[in-house]
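J.: Here it is: the structure, laid out below.
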Amino acid sequence: MPRQLRMVRPNLKDLPELKLPAGYDIRTYRKGDEVHWARIISDSFGGRERTAEDTQSEITGRNVFVPDGFYFATHRGTPVGTACAWRQSVDEKDVGYVHMVGVVTEHTGHKLGKWVSLAVLHYFRDNGFRCSMLDTDDFRVPAIKTYLNLGFIPVYVEEGQSERWRKIFENLKLPHPSAQIANVKETLSEELWSKVSR
């Protein structure tokens with residue numbers, strides 16, 4: 001099975017300010033949010049129905065989980081969007097991983113995915129990380145557009161991904177950023193490149 005597509009933000013400079021639309025707020029994890037994460041991810045990702053126990057096993061019970069990096073966009077106090085600041089290992093301090101971005105269907109169209117992802121990027125910047133990456137799927141075109149607008153650039157981590165990206169940029173009616181893609185490797189140190197391309 002082909003790997004997911006990877007995107008990298010080579011640095012964490014010049015991040016936009018967080019400005020949620022009227023009626024929405026953002027906050028970090030509170031005890032009991034497991035049920036909210038399960039509901040949001042079940043709705044936005046589809047597939048199997050997730051439970052609070054799934055949140056525990058996939059997110060809050062993992063050794064890389066940091067409560068201050070687990071964000072929720074809320075509407076009238078109810079969580080309706082989420083994104084998580086993740087790391088590939090407990091001792092990782094350079095490359096932050098934007099993990100499990102989701103928004104419930106009835107609240108799409110307000111750019112909440114952008115704002116929770118941006119909150120995660122602010123977290124990484126404020127905690128001394130040097131760059132960020134994420135994985136996504138070919139069919140998540142609106143999410144990919146959001147990530148491009150946040151400064152993420154595709155990188156190729158297996159054969160055939162250049163063709164997959166070419167189709168996505170055609171679909172988006174955007175020019176293929178081949179120079180930017182080539183430049184990511186030049187911009188990052190060898191150590192950082194090895195982390196974002198493995």
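Just so we're on the same page: first chain in the structure tokens is A, next is B, and so on; residues restart at 1 for each chain, and ligands are numbered from 1 in the order they show up.
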Under the rule of at most 10 Å, produce a per-residue listing of region 63-120 of chain A near region 133-145 of chain A: chain, number, name, the closest pair of atoms, and the distance in Å, as JSON lines, using only C-alpha atoms.
T.:
{"residue": "A:Trp86", "atom": "CA", "partner": "A:Leu134", "partner_atom": "CA", "distance": 9.6}
{"residue": "A:Arg87", "atom": "CA", "partner": "A:Met133", "partner_atom": "CA", "distance": 9.9}
{"residue": "A:Val95", "atom": "CA", "partner": "A:Met133", "partner_atom": "CA", "distance": 7.1}
{"residue": "A:Gly96", "atom": "CA", "partner": "A:Met133", "partner_atom": "CA", "distance": 6.4}
{"residue": "A:Tyr97", "atom": "CA", "partner": "A:Met133", "partner_atom": "CA", "distance": 5.0}
{"residue": "A:Val98", "atom": "CA", "partner": "A:Leu134", "partner_atom": "CA", "distance": 5.2}
{"residue": "A:His99", "atom": "CA", "partner": "A:Leu134", "partner_atom": "CA", "distance": 6.7}
{"residue": "A:Met100", "atom": "CA", "partner": "A:Leu134", "partner_atom": "CA", "distance": 9.2}
{"residue": "A:Val101", "atom": "CA", "partner": "A:Ala143", "partner_atom": "CA", "distance": 8.8}
{"residue": "A:Gly102", "atom": "CA", "partner": "A:Ala143", "partner_atom": "CA", "distance": 9.4}
{"residue": "A:Lys111", "atom": "CA", "partner": "A:Ala143", "partner_atom": "CA", "distance": 9.8}
{"residue": "A:Gly113", "atom": "CA", "partner": "A:Ala143", "partner_atom": "CA", "distance": 7.5}
{"residue": "A:Lys114", "atom": "CA", "partner": "A:Ala143", "partner_atom": "CA", "distance": 8.4}
J.: Could you give me, as a list in words, each residue of region 66-109 of chain A that DSSP assigns to strand (DSSP E) when run on this structure's backbone?
T.: Phe70, Tyr71, Phe72, Ala73, Thr74, His75, Thr78, Pro79, Val80, Gly81, Thr82, Ala83, Cys84, Ala85, Trp86, Val95, Gly96, Tyr97, Val98, His99, Met100, Val101, Gly102 and Val103 of chain A
J.: Would you save the residues from that selection as a short mmCIF file (atom, residue, chain, number, x, y, z; two decimals), in the first residue's frame, using N, CA and C atoms?
T.:
data_model
loop_
_atom_site.label_atom_id
_atom_site.label_comp_id
_atom_site.auth_asym_id
_atom_site.auth_seq_id
_atom_site.Cartn_x
_atom_site.Cartn_y
_atom_site.Cartn_z
N PHE A 70 -2.39 19.83 22.68
CA PHE A 70 -3.59 19.16 22.16
C PHE A 70 -4.69 20.21 22.10
N TYR A 71 -5.04 20.67 20.88
CA TYR A 71 -5.92 21.83 20.71
C TYR A 71 -7.33 21.45 20.27
N PHE A 72 -8.27 22.27 20.75
CA PHE A 72 -9.66 22.15 20.32
C PHE A 72 -10.19 23.52 19.94
N ALA A 73 -10.81 23.60 18.75
CA ALA A 73 -11.61 24.76 18.40
C ALA A 73 -12.99 24.51 18.99
N THR A 74 -13.54 25.51 19.65
CA THR A 74 -14.85 25.32 20.30
C THR A 74 -15.88 26.30 19.74
N HIS A 75 -17.14 25.88 19.79
CA HIS A 75 -18.26 26.73 19.41
C HIS A 75 -19.24 26.70 20.56
N THR A 78 -18.41 24.02 23.07
CA THR A 78 -18.34 22.62 22.64
C THR A 78 -17.21 22.43 21.62
N PRO A 79 -16.30 21.50 21.84
CA PRO A 79 -15.25 21.25 20.86
C PRO A 79 -15.81 20.76 19.53
N VAL A 80 -15.38 21.43 18.43
CA VAL A 80 -15.86 21.07 17.09
C VAL A 80 -14.70 20.85 16.10
N GLY A 81 -13.47 21.11 16.54
CA GLY A 81 -12.30 20.89 15.70
C GLY A 81 -11.12 20.54 16.59
N THR A 82 -10.12 19.87 16.03
CA THR A 82 -8.98 19.46 16.84
C THR A 82 -7.72 19.30 16.00
N ALA A 83 -6.59 19.45 16.64
CA ALA A 83 -5.28 19.12 16.05
C ALA A 83 -4.33 18.91 17.23
N CYS A 84 -3.33 18.08 16.99
CA CYS A 84 -2.44 17.69 18.09
C CYS A 84 -0.98 17.93 17.71
N ALA A 85 -0.23 18.54 18.63
CA ALA A 85 1.22 18.68 18.48
C ALA A 85 1.85 17.36 18.90
N TRP A 86 2.47 16.70 17.96
CA TRP A 86 2.97 15.35 18.16
C TRP A 86 4.47 15.31 17.93
N VAL A 95 11.81 18.52 15.26
CA VAL A 95 10.77 18.37 14.24
C VAL A 95 9.43 18.06 14.91
N GLY A 96 8.50 19.01 14.80
CA GLY A 96 7.17 18.78 15.34
C GLY A 96 6.26 18.19 14.27
N TYR A 97 5.33 17.36 14.69
CA TYR A 97 4.45 16.65 13.76
C TYR A 97 3.01 17.11 14.01
N VAL A 98 2.38 17.70 12.99
CA VAL A 98 0.97 18.11 13.10
C VAL A 98 0.12 16.86 12.89
N HIS A 99 -0.64 16.50 13.93
CA HIS A 99 -1.28 15.18 13.97
C HIS A 99 -2.79 15.29 14.13
N MET A 100 -3.52 14.47 13.37
CA MET A 100 -4.96 14.27 13.53
C MET A 100 -5.75 15.58 13.54
N VAL A 101 -5.73 16.26 12.40
CA VAL A 101 -6.50 17.50 12.24
C VAL A 101 -7.90 17.11 11.77
N GLY A 102 -8.91 17.53 12.51
CA GLY A 102 -10.28 17.20 12.13
C GLY A 102 -11.27 18.27 12.56
N VAL A 103 -12.33 18.42 11.78
CA VAL A 103 -13.40 19.38 12.08
C VAL A 103 -14.72 18.68 11.79
#
J.: Which neighbours of Val90 (chain A) fall inside 9 Å, counting only C-alpha atoms, when residues of the same chain fewer than 6 positions from it are skipped, and could you give them as a ChimeraX atom specification?
T.: /A:63-65
J.: Keeping only N, CA, C and O atoms, take the residues you just selected and write them out as a CSV table (one decimal), in the first residue's frame.
T.:
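To be explicit, this is the file written out as selection19.csv:
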chain,number,residue,atom,x,y,z
A,63,ASN,N,3.2,8.0,25.2
A,63,ASN,CA,4.3,8.7,26.0
A,63,ASN,C,4.7,10.0,25.3
A,63,ASN,O,5.4,10.8,26.0
A,64,VAL,N,4.4,10.3,24.1
A,64,VAL,CA,4.7,11.6,23.5
A,64,VAL,C,3.6,12.6,23.6
A,64,VAL,O,3.8,13.7,23.2
A,65,PHE,N,2.5,12.2,24.3
A,65,PHE,CA,1.4,13.2,24.4
A,65,PHE,C,1.8,14.3,25.4
A,65,PHE,O,2.3,14.1,26.5
J.: Give the helix (DSSP H, G or I) residues of region 2-184 of chain A, as assigned by DSSP on the backbone, as an MDAnalysis selection string.
T.: chainID A and resid 34:45 52:60 67:69 105:107 112:126 141:149 161:172 178:184
J.: Restricting the calculation to only C-alpha atoms, which member of A:Ala38, A:Leu15, A:Ile181, A:Val8 is positioned closest to Val104 (chain A)?
T.: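 Among A:Ala38, A:Leu15, A:Ile181, A:Val8, it is A:Ala38 that comes nearest to Val104 (chain A).
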J.: How far is it from CA of Gln56 (chain A) to CA of Gly77 (chain A), in Å with one decimal?
T.: 21.9 Å
J.: Using only C-alpha atoms, find the one residue out of A:Thr108, A:Ser178, A:Gln161, A:Ser42 that sits nearest to Leu5 (chain A).
T.: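 For Leu5 (chain A), the nearest of the candidates is A:Gln161.
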J.: Give me, as a ChimeraX atom specification, all polymer residues having an atom no more than 12 Å from Leu174 (chain A), counting only C-alpha atoms and skipping those fewer than 4 positions away in the same chain.
T.: /A:144-145,148-149,165-170,178
J.: How would the residues just chosen look if you wrote them out with all heavy atoms as a CSV table (one decimal), in the first residue's frame?
T.:
chain,number,residue,atom,x,y,z
A,144,ILE,N,-5.1,19.8,2.1
A,144,ILE,CA,-3.8,20.1,1.5
A,144,ILE,C,-3.7,21.5,1.1
A,144,ILE,O,-2.7,22.2,1.3
A,144,ILE,CB,-3.6,19.2,0.2
A,144,ILE,CG1,-3.4,17.7,0.7
A,144,ILE,CG2,-2.5,19.7,-0.7
A,144,ILE,CD1,-3.4,16.7,-0.5
A,145,LYS,N,-4.8,22.1,0.6
A,145,LYS,CA,-4.8,23.5,0.3
A,145,LYS,C,-4.5,24.4,1.5
A,145,LYS,O,-3.8,25.3,1.5
A,145,LYS,CB,-6.1,23.9,-0.3
A,145,LYS,CG,-6.1,25.3,-1.0
A,145,LYS,CD,-7.4,25.5,-1.8
A,145,LYS,CE,-7.3,26.9,-2.5
A,145,LYS,NZ,-8.6,27.2,-3.2
A,148,LEU,N,-0.8,24.1,2.4
A,148,LEU,CA,0.0,24.9,1.5
A,148,LEU,C,-0.1,26.4,1.9
A,148,LEU,O,0.9,27.1,1.9
A,148,LEU,CB,-0.5,24.7,0.0
A,148,LEU,CG,-0.3,23.4,-0.6
A,148,LEU,CD1,-1.1,23.3,-1.9
A,148,LEU,CD2,1.2,23.2,-0.9
A,149,ASN,N,-1.3,26.8,2.2
A,149,ASN,CA,-1.4,28.2,2.7
A,149,ASN,C,-0.7,28.5,4.0
A,149,ASN,O,-0.4,29.7,4.3
A,149,ASN,CB,-2.9,28.6,2.8
A,149,ASN,CG,-3.6,28.7,1.4
A,149,ASN,OD1,-2.9,29.0,0.4
A,149,ASN,ND2,-4.9,28.4,1.4
A,165,TRP,N,1.6,14.0,-6.5
A,165,TRP,CA,1.5,15.5,-6.2
A,165,TRP,C,1.2,16.3,-7.5
A,165,TRP,O,0.4,17.2,-7.4
A,165,TRP,CB,2.8,16.0,-5.6
A,165,TRP,CG,2.9,15.7,-4.2
A,165,TRP,CD1,3.8,14.9,-3.5
A,165,TRP,CD2,2.1,16.4,-3.2
A,165,TRP,NE1,3.5,15.0,-2.1
A,165,TRP,CE2,2.6,15.9,-1.9
A,165,TRP,CE3,1.1,17.3,-3.2
A,165,TRP,CZ2,2.0,16.3,-0.7
A,165,TRP,CZ3,0.6,17.8,-2.0
A,165,TRP,CH2,1.0,17.2,-0.8
A,166,ARG,N,1.7,15.8,-8.6
A,166,ARG,CA,1.4,16.5,-9.9
A,166,ARG,C,-0.1,16.5,-10.1
A,166,ARG,O,-0.7,17.6,-10.5
A,166,ARG,CB,2.1,15.8,-11.1
A,166,ARG,CG,2.0,16.6,-12.4
A,166,ARG,CD,2.5,15.8,-13.6
A,166,ARG,NE,1.7,14.6,-13.8
A,166,ARG,CZ,0.5,14.5,-14.3
A,166,ARG,NH1,-0.2,15.6,-14.6
A,166,ARG,NH2,-0.1,13.4,-14.5
A,167,LYS,N,-0.8,15.4,-9.9
A,167,LYS,CA,-2.3,15.3,-10.0
A,167,LYS,C,-3.0,16.3,-9.1
A,167,LYS,O,-4.0,16.9,-9.4
A,167,LYS,CB,-2.7,13.9,-9.9
A,167,LYS,CG,-2.3,13.0,-11.0
A,167,LYS,CD,-2.8,11.6,-10.7
A,167,LYS,CE,-2.4,10.6,-11.9
A,167,LYS,NZ,-2.5,9.2,-11.5
A,168,ILE,N,-2.5,16.3,-7.8
A,168,ILE,CA,-3.1,17.2,-6.8
A,168,ILE,C,-3.0,18.6,-7.2
A,168,ILE,O,-4.0,19.4,-7.1
A,168,ILE,CB,-2.5,16.9,-5.4
A,168,ILE,CG1,-2.9,15.6,-4.9
A,168,ILE,CG2,-2.9,18.0,-4.4
A,168,ILE,CD1,-2.1,15.1,-3.7
A,169,PHE,N,-1.8,19.1,-7.7
A,169,PHE,CA,-1.7,20.5,-8.1
A,169,PHE,C,-2.5,20.8,-9.3
A,169,PHE,O,-3.1,21.9,-9.4
A,169,PHE,CB,-0.2,20.8,-8.3
A,169,PHE,CG,0.5,21.1,-7.0
A,169,PHE,CD1,1.2,20.1,-6.3
A,169,PHE,CD2,0.3,22.3,-6.4
A,169,PHE,CE1,1.8,20.4,-5.1
A,169,PHE,CE2,0.9,22.6,-5.1
A,169,PHE,CZ,1.7,21.6,-4.5
A,170,GLU,N,-2.7,19.8,-10.2
A,170,GLU,CA,-3.6,20.0,-11.4
A,170,GLU,C,-5.0,20.2,-10.9
A,170,GLU,O,-5.7,21.1,-11.4
A,170,GLU,CB,-3.5,18.8,-12.3
A,170,GLU,CG,-2.5,18.9,-13.4
A,170,GLU,CD,-2.5,17.6,-14.3
A,170,GLU,OE1,-3.6,16.9,-14.3
A,170,GLU,OE2,-1.5,17.4,-14.9
A,178,SER,N,7.9,22.7,-8.0
A,178,SER,CA,9.1,21.9,-8.1
A,178,SER,C,10.3,22.5,-7.5
A,178,SER,O,11.1,21.8,-6.9
A,178,SER,CB,9.3,21.4,-9.5
A,178,SER,OG,9.2,22.5,-10.4
J.: I need the residue nearest Asn127 (chain A) from this list: A:Arg48, A:Leu12, A:Tyr156, A:Arg6. Use only C-alpha atoms for the distance.
T.: A:Leu12
J.: Could you give me, as a ChimeraX atom specification, the residues within 10 Å of Asp33 (chain A), counting only C-alpha atoms and dropping anything in the same chain fewer than 2 positions from it?
T.: /A:28-31,35-39,52,55,60,70,72,79
